[in-house]
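Enquirer: Data: start.pdb, PDB, C-alpha atoms and all ligand atoms.
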```
MODEL        1
ATOM      1  CA  MET A 158      -2.724  79.937   8.743
ATOM      2  CA  SER A 159      -2.552  83.595   7.785
ATOM      3  CA  ASN A 160      -3.698  84.721   4.323
ATOM      4  CA  VAL A 161      -0.159  85.772   3.428
ATOM      5  CA  ALA A 162       1.313  82.382   4.357
ATOM      6  CA  THR A 163      -1.401  80.586   2.365
ATOM      7  CA  ALA A 164      -0.707  82.768  -0.672
ATOM      8  CA  ILE A 165       3.042  82.073  -0.462
ATOM      9  CA  LEU A 166       2.535  78.298  -0.120
ATOM     10  CA  LEU A 167      -0.009  78.296  -2.957
ATOM     11  CA  GLN A 168       2.445  80.083  -5.246
ATOM     12  CA  HIS A 169       5.080  77.519  -4.315
ATOM     13  CA  SER A 170       2.766  74.555  -5.035
ATOM     14  CA  LEU A 171       1.621  75.931  -8.388
ATOM     15  CA  LYS A 172       5.198  76.592  -9.502
ATOM     16  CA  SER A 173       6.318  73.123  -8.371
ATOM     17  CA  LEU A 174       3.527  71.679 -10.490
ATOM     18  CA  ASN A 175       4.718  73.800 -13.433
ATOM     19  CA  LEU A 176       1.439  75.718 -13.423
ATOM     20  CA  THR A 177       3.259  78.988 -13.916
ATOM     21  CA  ASN A 178       0.418  80.798 -15.661
ATOM     22  CA  MET A 179      -1.985  79.922 -12.860
ATOM     23  CA  ALA A 180       0.601  81.142 -10.368
ATOM     24  CA  ARG A 181       0.879  84.429 -12.245
ATOM     25  CA  HIS A 182      -2.864  85.068 -12.400
ATOM     26  CA  ILE A 183      -4.209  83.488  -9.218
ATOM     27  CA  GLU A 184      -4.180  86.623  -7.070
ATOM     28  CA  GLN A 185      -6.300  88.571  -9.515
ATOM     29  CA  HIS A 186      -8.694  85.626  -9.963
ATOM     30  CA  LEU A 187      -9.022  85.165  -6.195
ATOM     31  CA  ARG A 188      -9.940  88.823  -5.847
ATOM     32  CA  GLN A 189     -12.474  88.604  -8.662
ATOM     33  CA  ALA A 190     -13.950  85.399  -7.201
ATOM     34  CA  LYS A 191     -14.360  87.036  -3.809
ATOM     35  CA  ASP A 192     -15.929  90.199  -5.245
ATOM     36  CA  GLY A 193     -18.144  88.383  -7.728
ATOM     37  CA  GLY A 194     -19.199  85.537  -5.459
ATOM     38  CA  ILE A 195     -17.883  82.905  -7.926
ATOM     39  CA  ASP A 196     -18.052  79.358  -6.550
ATOM     40  CA  TYR A 197     -15.021  77.066  -6.139
ATOM     41  CA  ALA A 198     -15.636  74.866  -9.184
ATOM     42  CA  GLN A 199     -16.136  77.855 -11.500
ATOM     43  CA  PHE A 200     -13.017  79.520 -10.088
ATOM     44  CA  LEU A 201     -10.888  76.427 -10.673
ATOM     45  CA  LEU A 202     -12.320  75.907 -14.143
ATOM     46  CA  GLU A 203     -11.447  79.460 -15.206
ATOM     47  CA  LEU A 204      -7.904  79.211 -13.898
ATOM     48  CA  THR A 205      -7.195  75.819 -15.478
ATOM     49  CA  GLU A 206      -8.650  77.016 -18.785
ATOM     50  CA  LEU A 207      -6.376  80.046 -18.642
ATOM     51  CA  GLU A 208      -3.339  77.805 -18.071
ATOM     52  CA  LEU A 209      -4.303  75.600 -21.034
ATOM     53  CA  ARG A 210      -4.963  78.566 -23.327
ATOM     54  CA  ILE A 211      -1.639  80.261 -22.590
ATOM     55  CA  ARG A 212       0.234  76.963 -23.033
ATOM     56  CA  SER A 213      -1.443  76.344 -26.364
ATOM     57  CA  ASP A 214      -0.660  79.911 -27.559
ATOM     58  CA  ASN A 215       2.969  79.520 -26.502
ATOM     59  CA  ARG A 216       3.236  76.194 -28.278
ATOM     60  CA  GLU A 217       1.821  77.713 -31.472
ATOM     61  CA  THR A 218       4.327  80.583 -31.324
ATOM     62  CA  ARG A 219       7.157  78.083 -30.778
ATOM     63  CA  ARG A 220       6.011  75.855 -33.636
ATOM     64  CA  LEU A 221       5.742  78.838 -36.012
ATOM     65  CA  LYS A 222       9.256  79.936 -35.122
ATOM     66  CA  GLU A 223      10.710  76.448 -35.524
ATOM     67  CA  ALA A 224       9.018  76.026 -38.926
ATOM     68  CA  LYS A 225      11.148  78.884 -40.361
ATOM     69  CA  PHE A 226       8.562  80.146 -42.844
ATOM     70  CA  PRO A 227      10.076  82.826 -45.089
ATOM     71  CA  LEU A 228       6.888  84.908 -44.673
ATOM     72  CA  LEU A 229       3.907  84.328 -42.422
ATOM     73  CA  LYS A 230       1.133  84.170 -45.030
ATOM     74  CA  PRO A 231      -1.978  82.472 -43.654
ATOM     75  CA  LEU A 232      -4.868  81.146 -45.710
ATOM     76  CA  GLU A 233      -6.982  84.169 -44.725
ATOM     77  CA  THR A 234      -4.745  86.335 -46.916
ATOM     78  CA  PHE A 235      -5.101  84.138 -50.027
ATOM     79  CA  ASP A 236      -7.414  85.602 -52.660
ATOM     80  CA  PHE A 237      -9.312  82.620 -54.056
ATOM     81  CA  GLU A 238     -10.764  84.718 -56.872
ATOM     82  CA  ALA A 239      -7.277  84.996 -58.339
ATOM     83  CA  ALA A 240      -7.082  81.181 -58.460
ATOM     84  CA  PRO A 241     -10.440  80.348 -60.008
ATOM     85  CA  VAL A 242      -9.919  76.630 -60.655
ATOM     86  CA  LEU A 243      -8.414  75.921 -57.260
ATOM     87  CA  ASP A 244     -10.671  73.493 -55.385
ATOM     88  CA  LYS A 245     -11.691  75.627 -52.410
ATOM     89  CA  ARG A 246     -13.371  72.708 -50.698
ATOM     90  CA  LEU A 247     -10.136  70.691 -50.879
ATOM     91  CA  MET A 248      -8.140  73.612 -49.453
ATOM     92  CA  ARG A 249     -10.598  73.931 -46.583
ATOM     93  CA  GLU A 250     -10.358  70.188 -45.958
ATOM     94  CA  LEU A 251      -6.550  70.333 -46.020
ATOM     95  CA  ALA A 252      -6.644  73.241 -43.573
ATOM     96  CA  THR A 253      -8.343  70.966 -41.009
ATOM     97  CA  GLY A 254      -5.193  68.823 -40.993
ATOM     98  CA  GLU A 255      -6.895  65.493 -41.742
ATOM     99  CA  TYR A 256      -4.257  64.716 -44.379
ATOM    100  CA  LEU A 257      -1.601  64.869 -41.654
ATOM    101  CA  LYS A 258      -3.297  62.067 -39.745
ATOM    102  CA  ASP A 259      -3.742  60.010 -42.924
ATOM    103  CA  LYS A 260      -0.142  60.744 -44.037
ATOM    104  CA  ARG A 261      -1.243  62.091 -47.401
ATOM    105  CA  ASN A 262       1.175  64.311 -49.331
ATOM    106  CA  VAL A 263       0.278  67.522 -51.139
ATOM    107  CA  ILE A 264       2.008  68.469 -54.379
ATOM    108  CA  LEU A 265       1.509  71.974 -55.782
ATOM    109  CA  LEU A 266       2.529  72.147 -59.427
ATOM    110  CA  GLY A 267       2.616  75.228 -61.579
ATOM    111  CA  LYS A 268       4.224  78.332 -62.978
ATOM    112  CA  SER A 269       6.041  80.884 -60.887
ATOM    113  CA  GLY A 270       3.888  83.463 -59.108
ATOM    114  CA  THR A 271       0.704  81.383 -58.918
ATOM    115  CA  GLY A 272       0.776  81.228 -55.115
ATOM    116  CA  LYS A 273       2.258  77.764 -54.530
ATOM    117  CA  THR A 274       4.574  78.926 -51.765
ATOM    118  CA  HIS A 275       1.756  81.001 -50.270
ATOM    119  CA  LEU A 276      -0.581  77.975 -50.168
ATOM    120  CA  ALA A 277       2.110  75.649 -48.798
ATOM    121  CA  THR A 278       2.954  78.212 -46.092
ATOM    122  CA  ALA A 279      -0.725  78.674 -45.262
ATOM    123  CA  LEU A 280      -1.176  74.933 -44.749
ATOM    124  CA  GLY A 281       2.000  74.841 -42.674
ATOM    125  CA  ILE A 282       0.684  77.657 -40.459
ATOM    126  CA  GLU A 283      -2.579  75.756 -39.949
ATOM    127  CA  ALA A 284      -0.574  72.673 -38.918
ATOM    128  CA  CYS A 285       1.412  74.778 -36.401
ATOM    129  CA  ARG A 286      -1.871  76.116 -35.011
ATOM    130  CA  GLN A 287      -2.847  72.497 -34.479
ATOM    131  CA  GLY A 288       0.330  71.937 -32.469
ATOM    132  CA  GLN A 289       2.218  70.018 -35.176
ATOM    133  CA  ARG A 290       5.966  70.185 -35.723
ATOM    134  CA  VAL A 291       6.566  71.679 -39.168
ATOM    135  CA  ARG A 292       9.663  72.664 -41.151
ATOM    136  CA  PHE A 293       9.667  74.774 -44.304
ATOM    137  CA  VAL A 294      12.798  74.487 -46.444
ATOM    138  CA  THR A 295      13.654  74.791 -50.121
ATOM    139  CA  GLY A 296      14.728  71.583 -51.851
ATOM    140  CA  TYR A 297      18.078  73.169 -52.645
ATOM    141  CA  ALA A 298      18.754  74.286 -49.057
ATOM    142  CA  LEU A 299      17.812  70.876 -47.663
ATOM    143  CA  ALA A 300      20.100  69.064 -50.108
ATOM    144  CA  ASN A 301      22.967  71.372 -49.098
ATOM    145  CA  GLU A 302      22.246  70.931 -45.399
ATOM    146  CA  LEU A 303      22.345  67.156 -45.843
ATOM    147  CA  ILE A 304      25.598  67.257 -47.822
ATOM    148  CA  GLU A 305      27.208  69.405 -45.132
ATOM    149  CA  ALA A 306      25.990  67.054 -42.421
ATOM    150  CA  ARG A 307      27.454  64.079 -44.267
ATOM    151  CA  THR A 308      30.904  65.592 -44.133
ATOM    152  CA  GLU A 309      30.406  66.323 -40.451
ATOM    153  CA  LYS A 310      29.174  62.745 -39.851
ATOM    154  CA  ASP A 311      26.020  64.315 -38.505
ATOM    155  CA  LEU A 312      23.806  62.825 -41.148
ATOM    156  CA  THR A 313      21.978  60.212 -39.073
ATOM    157  CA  ARG A 314      20.892  62.845 -36.577
ATOM    158  CA  LEU A 315      19.707  65.179 -39.339
ATOM    159  CA  ILE A 316      17.782  62.485 -41.208
ATOM    160  CA  GLY A 317      16.161  61.526 -37.883
ATOM    161  CA  LYS A 318      15.183  65.156 -37.300
ATOM    162  CA  TYR A 319      13.554  65.523 -40.731
ATOM    163  CA  THR A 320      11.850  62.136 -40.443
ATOM    164  CA  ARG A 321      10.281  62.937 -37.075
ATOM    165  CA  LEU A 322       8.627  66.178 -38.226
ATOM    166  CA  ASN A 323       4.840  66.020 -38.472
ATOM    167  CA  LEU A 324       5.025  67.964 -41.727
ATOM    168  CA  LEU A 325       7.907  68.730 -44.073
ATOM    169  CA  ILE A 326       7.380  71.468 -46.662
ATOM    170  CA  LEU A 327       9.806  71.256 -49.574
ATOM    171  CA  ASP A 328       9.594  74.447 -51.556
ATOM    172  CA  GLU A 329      10.824  75.086 -55.095
ATOM    173  CA  LEU A 330      11.754  71.549 -55.962
ATOM    174  CA  GLY A 331      13.126  71.670 -59.475
ATOM    175  CA  TYR A 332      14.330  75.265 -59.724
ATOM    176  CA  VAL A 333      17.924  74.155 -59.343
ATOM    177  CA  PRO A 334      19.146  70.661 -60.272
ATOM    178  CA  PHE A 335      20.761  68.655 -57.482
ATOM    179  CA  SER A 336      24.225  67.178 -57.434
ATOM    180  CA  LYS A 337      24.237  63.365 -57.454
ATOM    181  CA  GLU A 338      24.925  63.349 -53.731
ATOM    182  CA  GLY A 339      22.238  65.934 -52.990
ATOM    183  CA  ALA A 340      19.649  63.983 -55.000
ATOM    184  CA  GLU A 341      20.486  60.732 -53.194
ATOM    185  CA  LEU A 342      20.259  62.317 -49.760
ATOM    186  CA  LEU A 343      16.974  64.023 -50.533
ATOM    187  CA  PHE A 344      15.668  60.744 -51.853
ATOM    188  CA  GLN A 345      16.662  59.138 -48.549
ATOM    189  CA  ILE A 346      14.645  61.695 -46.541
ATOM    190  CA  LEU A 347      11.578  61.250 -48.733
ATOM    191  CA  ALA A 348      11.898  57.459 -48.582
ATOM    192  CA  GLU A 349      12.182  57.567 -44.768
ATOM    193  CA  ARG A 350       9.117  59.768 -44.502
ATOM    194  CA  HIS A 351       7.078  57.642 -46.880
ATOM    195  CA  GLU A 352       3.893  56.585 -45.065
ATOM    196  CA  ARG A 353       5.351  57.952 -41.816
ATOM    197  CA  GLY A 354       4.914  61.680 -42.231
ATOM    198  CA  PRO A 355       3.481  63.856 -44.967
ATOM    199  CA  VAL A 356       5.341  66.249 -47.256
ATOM    200  CA  ILE A 357       4.077  69.305 -49.102
ATOM    201  CA  ILE A 358       6.061  69.922 -52.264
ATOM    202  CA  THR A 359       5.911  72.972 -54.508
ATOM    203  CA  THR A 360       7.408  72.712 -57.952
ATOM    204  CA  ASN A 361       7.376  74.374 -61.355
ATOM    205  CA  LEU A 362       8.119  71.056 -63.070
ATOM    206  CA  GLY A 363       5.756  68.489 -64.524
ATOM    207  CA  PHE A 364       6.495  64.956 -63.300
ATOM    208  CA  ALA A 365       7.964  64.033 -66.690
ATOM    209  CA  ASP A 366      10.773  66.543 -66.096
ATOM    210  CA  TRP A 367      11.810  65.385 -62.645
ATOM    211  CA  THR A 368      14.626  63.227 -64.003
ATOM    212  CA  GLN A 369      16.373  66.451 -65.069
ATOM    213  CA  VAL A 370      16.528  67.476 -61.440
ATOM    214  CA  PHE A 371      17.258  64.171 -59.748
ATOM    215  CA  GLY A 372      19.470  62.745 -62.466
ATOM    216  CA  ASP A 373      18.987  59.014 -62.192
ATOM    217  CA  PRO A 374      15.764  57.907 -63.995
ATOM    218  CA  ASN A 375      15.304  54.797 -61.816
ATOM    219  CA  MET A 376      15.640  56.750 -58.613
ATOM    220  CA  THR A 377      13.275  59.433 -59.933
ATOM    221  CA  ALA A 378      10.669  56.804 -60.841
ATOM    222  CA  ALA A 379      10.930  55.227 -57.373
ATOM    223  CA  LEU A 380      10.659  58.659 -55.759
ATOM    224  CA  LEU A 381       7.625  59.692 -57.792
ATOM    225  CA  ASP A 382       5.980  56.365 -57.068
ATOM    226  CA  ARG A 383       6.323  56.986 -53.345
ATOM    227  CA  ILE A 384       5.454  60.662 -53.097
ATOM    228  CA  THR A 385       2.463  60.580 -55.457
ATOM    229  CA  HIS A 386       0.976  57.563 -53.682
ATOM    230  CA  ARG A 387      -2.222  58.805 -51.995
ATOM    231  CA  ALA A 388      -1.203  62.427 -52.672
ATOM    232  CA  HIS A 389      -3.293  65.482 -53.450
ATOM    233  CA  ILE A 390      -1.910  66.895 -56.664
ATOM    234  CA  ILE A 391      -2.948  70.508 -57.102
ATOM    235  CA  GLU A 392      -2.252  71.961 -60.523
ATOM    236  CA  CYS A 393      -1.918  75.732 -60.364
ATOM    237  CA  THR A 394      -2.850  76.509 -63.966
ATOM    238  CA  TRP A 395      -4.086  80.062 -63.437
ATOM    239  CA  ASP A 396      -2.185  83.274 -64.239
ATOM    240  CA  SER A 397       0.668  84.497 -62.096
ATOM    241  CA  TYR A 398      -0.672  86.662 -59.268
ATOM    242  CA  ARG A 399       2.546  88.641 -59.170
ATOM    243  CA  LEU A 400       2.356  89.415 -62.882
ATOM    244  CA  LYS A 401      -1.314  90.407 -62.629
ATOM    245  CA  GLN A 402      -0.586  92.711 -59.698
ATOM    246  CA  SER A 403       2.260  94.444 -61.521
ATOM    247  CA  LEU A 404       0.165  94.867 -64.686
ATOM    248  CA  LYS A 405      -2.643  96.316 -62.565
ATOM    249  CA  GLY A 406      -0.126  98.653 -60.907
ATOM    250  CA  ARG A 407       1.150  99.823 -64.264
ATOM    251  CA  LYS A 408      -2.365 100.515 -65.568
ATOM    252  CA  THR A 409      -3.202 102.554 -62.472
ATOM    253  CA  ALA A 410       0.033 104.499 -62.798
ATOM    254  CA  ALA A 411      -0.716 105.207 -66.487
ATOM    255  CA  LYS A 412      -4.208 106.466 -65.574
ATOM    256  CA  GLN A 413      -2.777 108.760 -62.913
ATOM    257  CA  THR A 414      -0.336 110.352 -65.343
ATOM    258  CA  PRO A 415      -2.348 111.292 -68.434
ATOM    259  CA  GLY A 416      -0.309 111.769 -71.553
ATOM    260  CA  HIS A 417       2.206 109.218 -70.348
ATOM    261  CA  VAL A 418       2.911 106.476 -72.907
TER     262      VAL A 418
HETATM  263  P1  LIG B 501       4.902  80.729 -56.398
HETATM  264  O1  LIG B 501       5.438  80.034 -55.201
HETATM  265  O2  LIG B 501       3.874  79.932 -57.139
HETATM  266  O3  LIG B 501       5.981  81.240 -57.313
HETATM  267  P2  LIG B 501       4.145  82.734 -54.472
HETATM  268  O4  LIG B 501       3.358  81.963 -53.483
HETATM  269  O5  LIG B 501       5.534  83.080 -54.106
HETATM  270  O6  LIG B 501       4.119  82.008 -55.901
HETATM  271  O7  LIG B 501       3.318  84.055 -54.842
HETATM  272  C1  LIG B 501       3.951  85.245 -55.303
HETATM  273  C2  LIG B 501       3.409  86.430 -54.520
HETATM  274  O8  LIG B 501       2.039  86.620 -54.823
HETATM  275  C3  LIG B 501       3.465  86.205 -53.018
HETATM  276  O9  LIG B 501       3.694  87.444 -52.413
HETATM  277  C4  LIG B 501       2.073  85.688 -52.685
HETATM  278  O10 LIG B 501       1.716  85.979 -51.359
HETATM  279  C5  LIG B 501       1.211  86.428 -53.677
HETATM  280  N1  LIG B 501       0.045  85.656 -54.102
HETATM  281  C6  LIG B 501       0.013  84.679 -55.027
HETATM  282  N2  LIG B 501      -1.236  84.226 -55.226
HETATM  283  C7  LIG B 501      -2.021  84.932 -54.379
HETATM  284  C8  LIG B 501      -3.430  84.930 -54.092
HETATM  285  N3  LIG B 501      -4.275  84.147 -54.772
HETATM  286  N4  LIG B 501      -3.881  85.773 -53.143
HETATM  287  C9  LIG B 501      -3.028  86.611 -52.501
HETATM  288  N5  LIG B 501      -1.704  86.664 -52.721
HETATM  289  C10 LIG B 501      -1.198  85.835 -53.655
HETATM  290 MG    MG B 502       7.408  79.663 -54.709
ENDMDL
END
```
What is this structure when it is put down as structure tokens?
Ligand code: ADP
Ligand code: MG

Expert:
Amino acid sequence: MSNVATAILLQHSLKSLNLTNMARHIEQHLRQAKDGGIDYAQFLLELTELELRIRSDNRETRRLKEAKFPLLKPLETFDFEAAPVLDKRLMRELATGEYLKDKRNVILLGKSGTGKTHLATALGIEACRQGQRVRFVTGYALANELIEARTEKDLTRLIGKYTRLNLLILDELGYVPFSKEGAELLFQILAERHERGPVIITTNLGFADWTQVFGDPNMTAALLDRITHRAHIIECTWDSYRLKQSLKGRKTAAKQTPGHV
């Protein structure tokens, strides 16, 4: 068979096997193998590794997009010096994703501006890098989405979708109180996920104040019982990063304009 015919048939086989990245790069690799005297096993290893690497990169990009993070803030951009009592070892352990396998929840509690959303996003990004299906949503937006779905009789599908995620990140739980319906539906999601899939929650409220948000004290107690079971509770007690940055900015500006009061 001529070289051209072989190349055409090879392209066809690779595409039929869904090895599209190998198909795209095989010509160049064949040339390099010929010129460099690379043996068959090495050649095949390099091409299959390339296919796997591109697939994994594409999956990560897809997972990051599906997660709908408001900002892509990875752990590398978190300044641990600004959060002196944060357990760095725990954060590193969480970044490995072990808690996802063990179905442990993470609850970040603390004042506004302390980096709760940043940390939750960073852990979510790590999970995406590990190929996990993640969704970031505020508590308020999720409650509204569920209420809307109920009127469209689409609720079962939506609850299924949120239950199947490998990681659900519920941001800003407690900033806005839920309607009775919203609280019940959110409770349903968290109950369905209990021991099935982990949740990361960020909140400015201490547990004692959760009844204010969920309304019913019995439901709140049942919810807290479930989500705090085997959870990592991280108390963000340090100063607001945002506030510190703006104070720093003001001081610098004052220094640059002498005489300014
Ligand atoms: P919270 O959710 O606790 O209100 P955010 O995570 O929204 O706080 O943080 C507010 C802003 O400050 C964000 O832009 C965040 O990236 C930044 N930030 C907070 N803490 C840190 C930190 N330790 N290192 C770097 N940036 C931080
Ligand atoms: Mg936040």

Enquirer: Which residues of chain A come within 10 Å of ligand LIG 501 (chain B), and for each one, what is the closest pair of atoms and their distance in Å to one decimal, counting only C-alpha atoms and all ligand atoms, sorted by chain and residue number, as a Markdown table?

Expert:
```
| residue | atom | partner | partner_atom | distance |
| --- | --- | --- | --- | --- |
| A:Leu228 | CA | B:LIG501 | O10 | 8.5 |
| A:Leu229 | CA | B:LIG501 | O10 | 9.3 |
| A:Lys230 | CA | B:LIG501 | O10 | 6.6 |
| A:Pro231 | CA | B:LIG501 | O10 | 9.2 |
| A:Leu232 | CA | B:LIG501 | N4 | 8.8 |
| A:Glu233 | CA | B:LIG501 | C9 | 9.1 |
| A:Thr234 | CA | B:LIG501 | C9 | 5.8 |
| A:Phe235 | CA | B:LIG501 | N4 | 3.7 |
| A:Asp236 | CA | B:LIG501 | N4 | 3.6 |
| A:Phe237 | CA | B:LIG501 | N3 | 5.3 |
| A:Glu238 | CA | B:LIG501 | N3 | 6.8 |
| A:Ala239 | CA | B:LIG501 | N3 | 4.7 |
| A:Ala240 | CA | B:LIG501 | N3 | 5.5 |
| A:Pro241 | CA | B:LIG501 | N3 | 8.9 |
| A:Leu243 | CA | B:LIG501 | N3 | 9.5 |
| A:Leu265 | CA | B:LIG501 | O2 | 8.4 |
| A:Leu266 | CA | B:LIG501 | O2 | 8.2 |
| A:Gly267 | CA | B:LIG501 | O2 | 6.6 |
| A:Lys268 | CA | B:LIG501 | O2 | 6.1 |
| A:Ser269 | CA | B:LIG501 | O3 | 3.6 |
| A:Gly270 | CA | B:LIG501 | O6 | 3.5 |
| A:Thr271 | CA | B:LIG501 | O2 | 3.9 |
| A:Gly272 | CA | B:LIG501 | O4 | 3.1 |
| A:Lys273 | CA | B:LIG501 | O2 | 3.8 |
| A:Thr274 | CA | B:LIG501 | O4 | 3.7 |
| A:His275 | CA | B:LIG501 | O4 | 3.7 |
| A:Leu276 | CA | B:LIG501 | O4 | 6.5 |
| A:Ala277 | CA | B:LIG501 | O4 | 8.0 |
| A:Thr278 | CA | B:LIG501 | O4 | 8.3 |
| A:Ala279 | CA | B:LIG501 | O4 | 9.8 |
| A:Asp328 | CA | B:LIG501 | O1 | 7.9 |
| A:Glu329 | CA | B:LIG501 | O1 | 7.3 |
| A:Thr359 | CA | B:LIG501 | O1 | 7.1 |
| A:Thr360 | CA | B:LIG501 | O1 | 8.1 |
| A:Asn361 | CA | B:LIG501 | O2 | 7.8 |
| A:Cys393 | CA | B:LIG501 | O2 | 7.8 |
| A:Trp395 | CA | B:LIG501 | N3 | 9.6 |
| A:Asp396 | CA | B:LIG501 | N2 | 9.1 |
| A:Ser397 | CA | B:LIG501 | C6 | 7.1 |
| A:Tyr398 | CA | B:LIG501 | C6 | 4.7 |
| A:Arg399 | CA | B:LIG501 | O8 | 4.8 |
| A:Leu400 | CA | B:LIG501 | O8 | 8.5 |
| A:Lys401 | CA | B:LIG501 | O8 | 9.3 |
| A:Gln402 | CA | B:LIG501 | O8 | 8.2 |
```

Enquirer: Identify the residues around (20.2, 69.7, -61.2) within a radius of 8 Å, measuring from all atoms listed in the file in the coordinates stated by the file, and give them as a list in words.

Expert: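 I get Gly331, Val333, Pro334, Phe335, Ser336, Gln369, Val370, Phe371 and Gly372 of chain A for the residues within 8 Å of that point.
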
Enquirer: Those residues with C-alpha atoms, as a PDB file, in the frame of the given file please?

Expert:
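Generated output (again.pdb):
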```pdb
ATOM      1  CA  GLY A 331      13.126  71.670 -59.475  1.00  0.00           C
ATOM      2  CA  VAL A 333      17.924  74.155 -59.343  1.00  0.00           C
ATOM      3  CA  PRO A 334      19.146  70.661 -60.272  1.00  0.00           C
ATOM      4  CA  PHE A 335      20.761  68.655 -57.482  1.00  0.00           C
ATOM      5  CA  SER A 336      24.225  67.178 -57.434  1.00  0.00           C
ATOM      6  CA  GLN A 369      16.373  66.451 -65.069  1.00  0.00           C
ATOM      7  CA  VAL A 370      16.528  67.476 -61.440  1.00  0.00           C
ATOM      8  CA  PHE A 371      17.258  64.171 -59.748  1.00  0.00           C
ATOM      9  CA  GLY A 372      19.470  62.745 -62.466  1.00  0.00           C
TER      10      GLY A 372
END
```

Enquirer: Suppose a student applies the PyMOL selection byres (((chain A and resi 284) around 9) and not hetatm) to this structure; what residues should they get, written as an NGL selection string?

Expert: :A and (252-254 or 257 or 279-283 or 285-291 or 323-324)

Enquirer: Selected by the PyMOL selection byres (((chain A and resi 260) around 9) and not hetatm) in the shown coordinates: which residues, as a list in words?

Expert: Glu255, Tyr256, Leu257, Lys258, Asp259, Arg261, Asn262, His351, Glu352, Arg353, Gly354, Pro355, Val356, Arg387 and Ala388 of chain A

Enquirer: Store the residues picked out above, limited to C-alpha atoms, as a CSV table (one decimal), keeping the file's coordinate frame.

Expert:
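Everything below was put into again.csv:
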```csv
chain,number,residue,atom,x,y,z
A,255,GLU,CA,-6.9,65.5,-41.7
A,256,TYR,CA,-4.3,64.7,-44.4
A,257,LEU,CA,-1.6,64.9,-41.7
A,258,LYS,CA,-3.3,62.1,-39.7
A,259,ASP,CA,-3.7,60.0,-42.9
A,261,ARG,CA,-1.2,62.1,-47.4
A,262,ASN,CA,1.2,64.3,-49.3
A,351,HIS,CA,7.1,57.6,-46.9
A,352,GLU,CA,3.9,56.6,-45.1
A,353,ARG,CA,5.4,58.0,-41.8
A,354,GLY,CA,4.9,61.7,-42.2
A,355,PRO,CA,3.5,63.9,-45.0
A,356,VAL,CA,5.3,66.2,-47.3
A,387,ARG,CA,-2.2,58.8,-52.0
A,388,ALA,CA,-1.2,62.4,-52.7
```

Enquirer: Have a look at A:Leu187, A:Leu330, A:Leu251, A:Leu380 and name the one nearest to ligand MG 502 (chain B); count all atoms listed in the file.

Expert: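 Closest to ligand MG 502 (chain B), using all atoms listed in the file: A:Leu330.
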
Enquirer: Pick from A:Leu381, A:Phe226, A:Ala162, A:Leu303: nearest to ligand MG 502 (chain B), with all atoms listed in the file counted?

Expert: A:Phe226

Enquirer: Mind pulling up the distance from atom CA of A:Glu338 to atom CA of A:Ala365?

Expert: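 Computed distance, atom CA of A:Ala365 to atom CA of A:Glu338, equals 21.4 Å.
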